[in-house]
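Dropping model04.txt in here (compact mmCIF, C-alpha atoms):
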```txt
# COMPACT_ATOMS: atom_id res chain seq x y z
CA GLN A 1 0.00 0.00 0.00
CA VAL A 2 2.88 2.37 0.77
CA LEU A 3 4.22 1.81 -2.73
CA ARG A 4 0.84 2.60 -4.29
CA ASP A 5 0.58 5.75 -2.18
CA LEU A 6 4.07 6.75 -3.29
CA GLU A 7 3.09 6.36 -6.94
CA ILE A 8 0.02 8.55 -6.41
CA SER A 9 2.12 11.16 -4.61
CA LEU A 10 4.76 11.19 -7.32
CA ARG A 11 2.08 11.60 -9.95
CA THR A 12 -0.10 14.21 -8.24
CA ASN A 13 2.05 16.29 -5.89
CA HIS A 14 3.82 19.48 -6.86
CA ILE A 15 7.21 19.19 -8.59
CA GLU A 16 8.95 20.44 -5.44
CA TRP A 17 7.69 17.38 -3.56
CA VAL A 18 9.18 15.15 -6.26
CA ARG A 19 12.46 17.08 -6.07
CA ASP A 20 12.52 16.60 -2.28
CA PHE A 21 11.87 12.88 -2.75
CA LEU A 22 14.77 12.64 -5.23
CA SER A 23 17.14 14.87 -3.25
CA ASP A 24 20.51 13.68 -1.96
CA GLU A 25 19.12 13.90 1.55
CA SER A 26 16.06 11.70 0.90
CA GLN A 27 17.63 9.42 -1.74
CA GLY A 28 14.17 8.33 -2.83
CA LEU A 29 15.31 7.06 -6.22
CA ASP A 30 18.04 4.92 -4.68
CA VAL A 31 15.60 3.39 -2.20
CA LEU A 32 13.03 2.74 -4.92
CA ILE A 33 15.61 1.09 -7.22
CA THR A 34 17.03 -1.01 -4.36
CA TYR A 35 13.52 -2.24 -3.56
CA LEU A 36 12.76 -2.91 -7.23
CA LYS A 37 15.98 -4.88 -7.62
CA SER A 38 15.16 -7.03 -4.58
CA ARG A 39 11.65 -7.76 -5.88
CA LEU A 40 13.03 -8.57 -9.35
CA GLU A 41 15.42 -11.10 -7.78
CA VAL A 42 12.54 -12.78 -5.94
CA MET A 43 10.41 -12.75 -9.11
CA ARG A 44 13.25 -14.29 -11.14
CA HIS A 45 13.76 -16.96 -8.48
CA ILE A 46 10.05 -17.83 -8.46
CA MET A 47 10.05 -18.07 -12.26
CA GLN A 48 13.05 -20.42 -12.16
CA LEU A 49 11.34 -22.68 -9.65
CA ASP A 50 8.17 -22.69 -11.75
CA GLU A 51 10.19 -23.67 -14.82
CA GLU A 52 11.88 -26.47 -12.90
CA GLU A 53 8.53 -27.80 -11.71
CA ALA A 54 7.04 -27.61 -15.21
CA GLY A 55 10.08 -29.36 -16.66
CA GLY A 56 9.94 -32.13 -14.07
CA SER A 57 6.21 -32.86 -14.28
CA ASP A 58 5.83 -33.41 -18.03
CA GLY A 59 9.29 -34.64 -18.86
CA GLY A 60 10.43 -31.18 -19.98
CA SER A 61 13.02 -30.35 -22.57
CA MET A 62 16.32 -32.15 -22.91
CA ASP A 63 18.10 -29.06 -21.58
CA SER A 64 16.04 -28.97 -18.39
CA LYS A 65 16.50 -32.73 -17.94
CA LEU A 66 20.27 -32.34 -18.20
CA ARG A 67 20.27 -29.47 -15.71
CA GLY A 68 18.08 -31.45 -13.31
CA MET A 69 20.21 -34.62 -13.44
CA SER A 70 22.80 -33.50 -10.96
CA MET A 71 21.94 -34.38 -7.37
CA GLY A 72 23.48 -31.11 -6.22
CA ARG A 73 21.04 -29.22 -8.43
CA ALA A 74 18.07 -31.08 -6.97
CA ARG A 75 19.19 -30.39 -3.41
CA LYS A 76 19.77 -26.74 -4.24
CA SER A 77 16.29 -26.58 -5.72
CA ASP A 78 14.72 -28.14 -2.61
CA PHE A 79 16.67 -25.75 -0.41
CA SER A 80 15.51 -22.89 -2.61
CA ARG A 81 11.87 -23.87 -2.14
CA VAL A 82 12.26 -23.89 1.65
CA GLU A 83 14.02 -20.53 1.53
CA LEU A 84 11.36 -19.16 -0.81
CA ARG A 85 8.59 -20.19 1.59
CA LYS A 86 10.45 -18.57 4.48
CA SER A 87 10.96 -15.45 2.39
CA ALA A 88 7.26 -15.34 1.48
CA LYS A 89 6.34 -15.61 5.17
CA ARG A 90 8.77 -12.80 6.06
CA ASP A 91 7.27 -10.68 3.26
CA LYS A 92 3.78 -11.35 4.61
CA ASP A 93 4.89 -10.50 8.16
CA ARG A 94 6.44 -7.27 6.88
CA LYS A 95 3.23 -6.60 4.95
CA LEU A 96 5.01 -6.64 1.60
CA GLY A 97 2.78 -7.04 -1.42
CA ASP A 98 2.77 -9.62 -4.15
CA VAL A 99 6.10 -9.61 -5.99
CA THR A 100 4.61 -9.06 -9.44
CA ASP A 101 2.35 -6.27 -8.19
CA ASP A 102 5.29 -4.59 -6.44
CA VAL A 103 7.39 -4.67 -9.61
CA HIS A 104 4.53 -3.14 -11.60
CA VAL A 105 3.94 -0.37 -9.05
CA CYS A 106 7.69 0.38 -8.90
CA ILE A 107 7.68 0.80 -12.68
CA MET A 108 4.66 3.10 -12.35
CA CYS A 109 6.60 5.13 -9.75
CA LEU A 110 9.52 5.41 -12.17
CA ARG A 111 7.15 6.55 -14.92
CA ALA A 112 5.81 9.25 -12.58
CA ILE A 113 9.36 10.33 -11.74
CA MET A 114 10.31 10.41 -15.42
CA ASN A 115 7.28 12.55 -16.20
CA ASN A 116 9.29 15.73 -15.55
CA LYS A 117 12.68 16.82 -16.80
CA PHE A 118 14.40 16.77 -13.40
CA GLY A 119 13.25 13.24 -12.58
CA PHE A 120 13.91 12.00 -16.09
CA ASN A 121 17.51 13.19 -15.92
CA MET A 122 18.00 11.59 -12.49
CA VAL A 123 16.78 8.22 -13.80
CA ILE A 124 19.00 8.49 -16.90
CA LYS A 125 22.06 9.12 -14.74
CA HIS A 126 21.22 6.17 -12.47
CA LYS A 127 22.68 3.14 -14.27
CA GLN A 128 20.97 0.65 -11.96
CA ALA A 129 17.61 2.29 -12.65
CA ILE A 130 17.83 1.68 -16.39
CA ASN A 131 19.02 -1.90 -15.87
CA SER A 132 16.21 -2.55 -13.39
CA ILE A 133 13.64 -1.15 -15.78
CA ALA A 134 14.93 -3.41 -18.56
CA LEU A 135 14.98 -6.46 -16.25
CA SER A 136 11.32 -5.80 -15.52
CA LEU A 137 10.59 -7.10 -19.01
CA ASN A 138 10.71 -10.55 -17.39
CA HIS A 139 7.39 -9.70 -15.74
CA LYS A 140 4.60 -12.09 -16.74
CA LYS A 141 1.93 -9.42 -17.29
CA LEU A 142 1.73 -7.72 -20.66
CA ARG A 143 0.57 -4.47 -19.05
CA THR A 144 3.87 -4.22 -17.17
CA LYS A 145 5.90 -5.14 -20.25
CA ALA A 146 4.14 -2.42 -22.24
CA LEU A 147 4.88 0.13 -19.51
CA VAL A 148 8.55 -0.91 -19.43
CA LEU A 149 8.83 -0.64 -23.21
CA GLU A 150 7.24 2.81 -23.05
CA LEU A 151 9.91 4.00 -20.60
CA LEU A 152 12.76 2.44 -22.59
CA ALA A 153 11.44 4.00 -25.80
CA ALA A 154 11.34 7.42 -24.13
CA ILE A 155 15.00 7.04 -23.18
CA CYS A 156 15.87 6.07 -26.77
CA LEU A 157 14.63 9.49 -27.92
CA LEU A 158 17.45 11.27 -26.08
CA LYS A 159 20.80 11.92 -27.65
CA GLY A 160 22.88 8.91 -26.57
CA GLY A 161 19.79 7.18 -25.21
CA HIS A 162 19.97 4.41 -27.77
CA ASN A 163 23.38 3.34 -26.43
CA ILE A 164 22.09 3.46 -22.85
CA ILE A 165 19.24 1.11 -23.78
CA LEU A 166 21.57 -1.22 -25.71
CA ALA A 167 23.77 -1.47 -22.62
CA ALA A 168 20.70 -2.23 -20.50
CA PHE A 169 19.70 -5.01 -22.90
CA ASP A 170 23.23 -6.42 -22.75
CA ASN A 171 22.84 -6.50 -18.96
CA PHE A 172 19.39 -8.10 -19.40
CA LYS A 173 20.93 -10.83 -21.56
CA GLN A 174 23.75 -11.50 -19.09
CA VAL A 175 21.41 -11.72 -16.10
CA ASN A 176 19.06 -14.08 -17.92
CA LEU A 177 21.92 -16.29 -19.09
CA MET A 178 23.18 -16.64 -15.52
CA SER A 179 19.72 -17.73 -14.35
```

Here is the file; what I need is its structure written in the form of structure tokens.
Amino acid sequence: QVLRDLEISLRTNHIEWVRDFLSDESQGLDVLITYLKSRLEVMRHIMQLDEEEAGGSDGGSMDSKLRGMSMGRARKSDFSRVELRKSAKRDKDRKLGDVTDDVHVCIMCLRAIMNNKFGFNMVIKHKQAINSIALSLNHKKLRTKALVLELLAAICLLKGGHNIILAAFDNFKQVNLMS
């Protein structure tokens, strides 16, 4: 709920409020990106576990069979499930929202920040912000993917923006290959 309220505030409050949120003192953008990165990691982990389950139940592809053959991989996967359950309980205790909803609302917050020149420039200068936006393309909902593509396209319109986006997609490829 706090994240949703933040998005509304970023979208509706006066520009000075947004500047205060983004200031060096408040470090709002850093906090938002750190939170988005943590939720993206959880989302990626959940997707990996879902893929492993799908691969194991119907025979799966040869690649997933080969990856699942090692006993160490199976134990790691079981451990990951236990850790994921514990993490979900901690999230619930801390009143954190659903991972996919949180990622979507974080992207909406970034859109609201990028809706003015000052915020747009801050996001452009924040390398982790661009990478996190691009990594949000892994989201399962098309609405979120469309929003992410809208933000990335806006960055492409800047001088040098195309190279920034290409670098973000290189990072996207590396992260997804490591998964």

Return the single residue from A:Asn131, A:Asp98, A:Leu149, A:Lys141 that is closest to Phe172 of chain A, with distances computed using all atoms listed in the file. A:Asn131

The distance between atom CA of Val31 of chain A and atom CA of Leu49 of chain A is 27.4 Å

For Ile15 of chain A, find every residue with an atom within 12 Å (counting only C-alpha atoms), except residues of its own chain fewer than 3 positions away, and show them as a ChimeraX atom specification. /A:9-12,18-22,112-119

Here is a test: counting all atoms listed in the file, which residue of A:Leu110, A:Val42, A:Leu135, A:Leu142 is nearest to Val123 of chain A?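 The shortest atom-to-atom distance to Val123 of chain A comes from A:Leu110.
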
A:Leu151, A:Leu137, A:Leu36, A:Ala168 ranked by distance to Arg111 of chain A, top pick (using all atoms listed in the file):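 When distances to Arg111 of chain A are compared using all atoms listed in the file, the smallest one comes from A:Leu151.
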
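Non-sequential neighbours of Lys140 of chain A (distance at most 12 Å, separation of 2 or more positions within a chain, all atoms listed in the file) are Leu40, Met43, Arg44, Ile46, Met47, Val99, Thr100, Asp101, Val103, His104, Leu135, Ser136, Leu137, Asn138, Leu142, Arg143, Thr144, Lys145 and Ala146 of chain A.
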
Padding 6 Å on each side, edges along x, y and z: where is the centre of the box around the listed atoms of segment 135-146 of chain A, and how long are its edges in Å to one decimal? Output it as AutoDock Vina command-line options.
```
--center_x 7.8 --center_y -7.3 --center_z -18.9 --size_x 26.4 --size_y 21.7 --size_z 18.7
```

A:Tyr35, A:Asn13, A:Glu41, A:Lys159: which is nearest Ile107 of chain A, counting all atoms listed in the file?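 Nearest to Ile107 of chain A: A:Tyr35.
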
For Arg4 of chain A, the nearest of the candidates A:Cys106, A:Gly55, A:Glu25, A:Ala153, counting only C-alpha atoms: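 Result for the nearest residue to Arg4 of chain A: A:Cys106.
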
Could you please determine the separation between atom CA of Leu147 of chain A and atom CA of Gln48 of chain A in Å, to one decimal place?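 These two atoms are separated by 23.3 Å.
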
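Distance annotation: of A:Gln1, A:Ser132, A:Asn121, A:Ser23, the residue with the minimal separation from Lys37 of chain A is A:Ser132; atom set is only C-alpha atoms.
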
Please indicate the distance in Å from atom CA of Ile165 of chain A to atom CA of Asp102 of chain A, rounded to one decimal place.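 The value is 23.0 Å.
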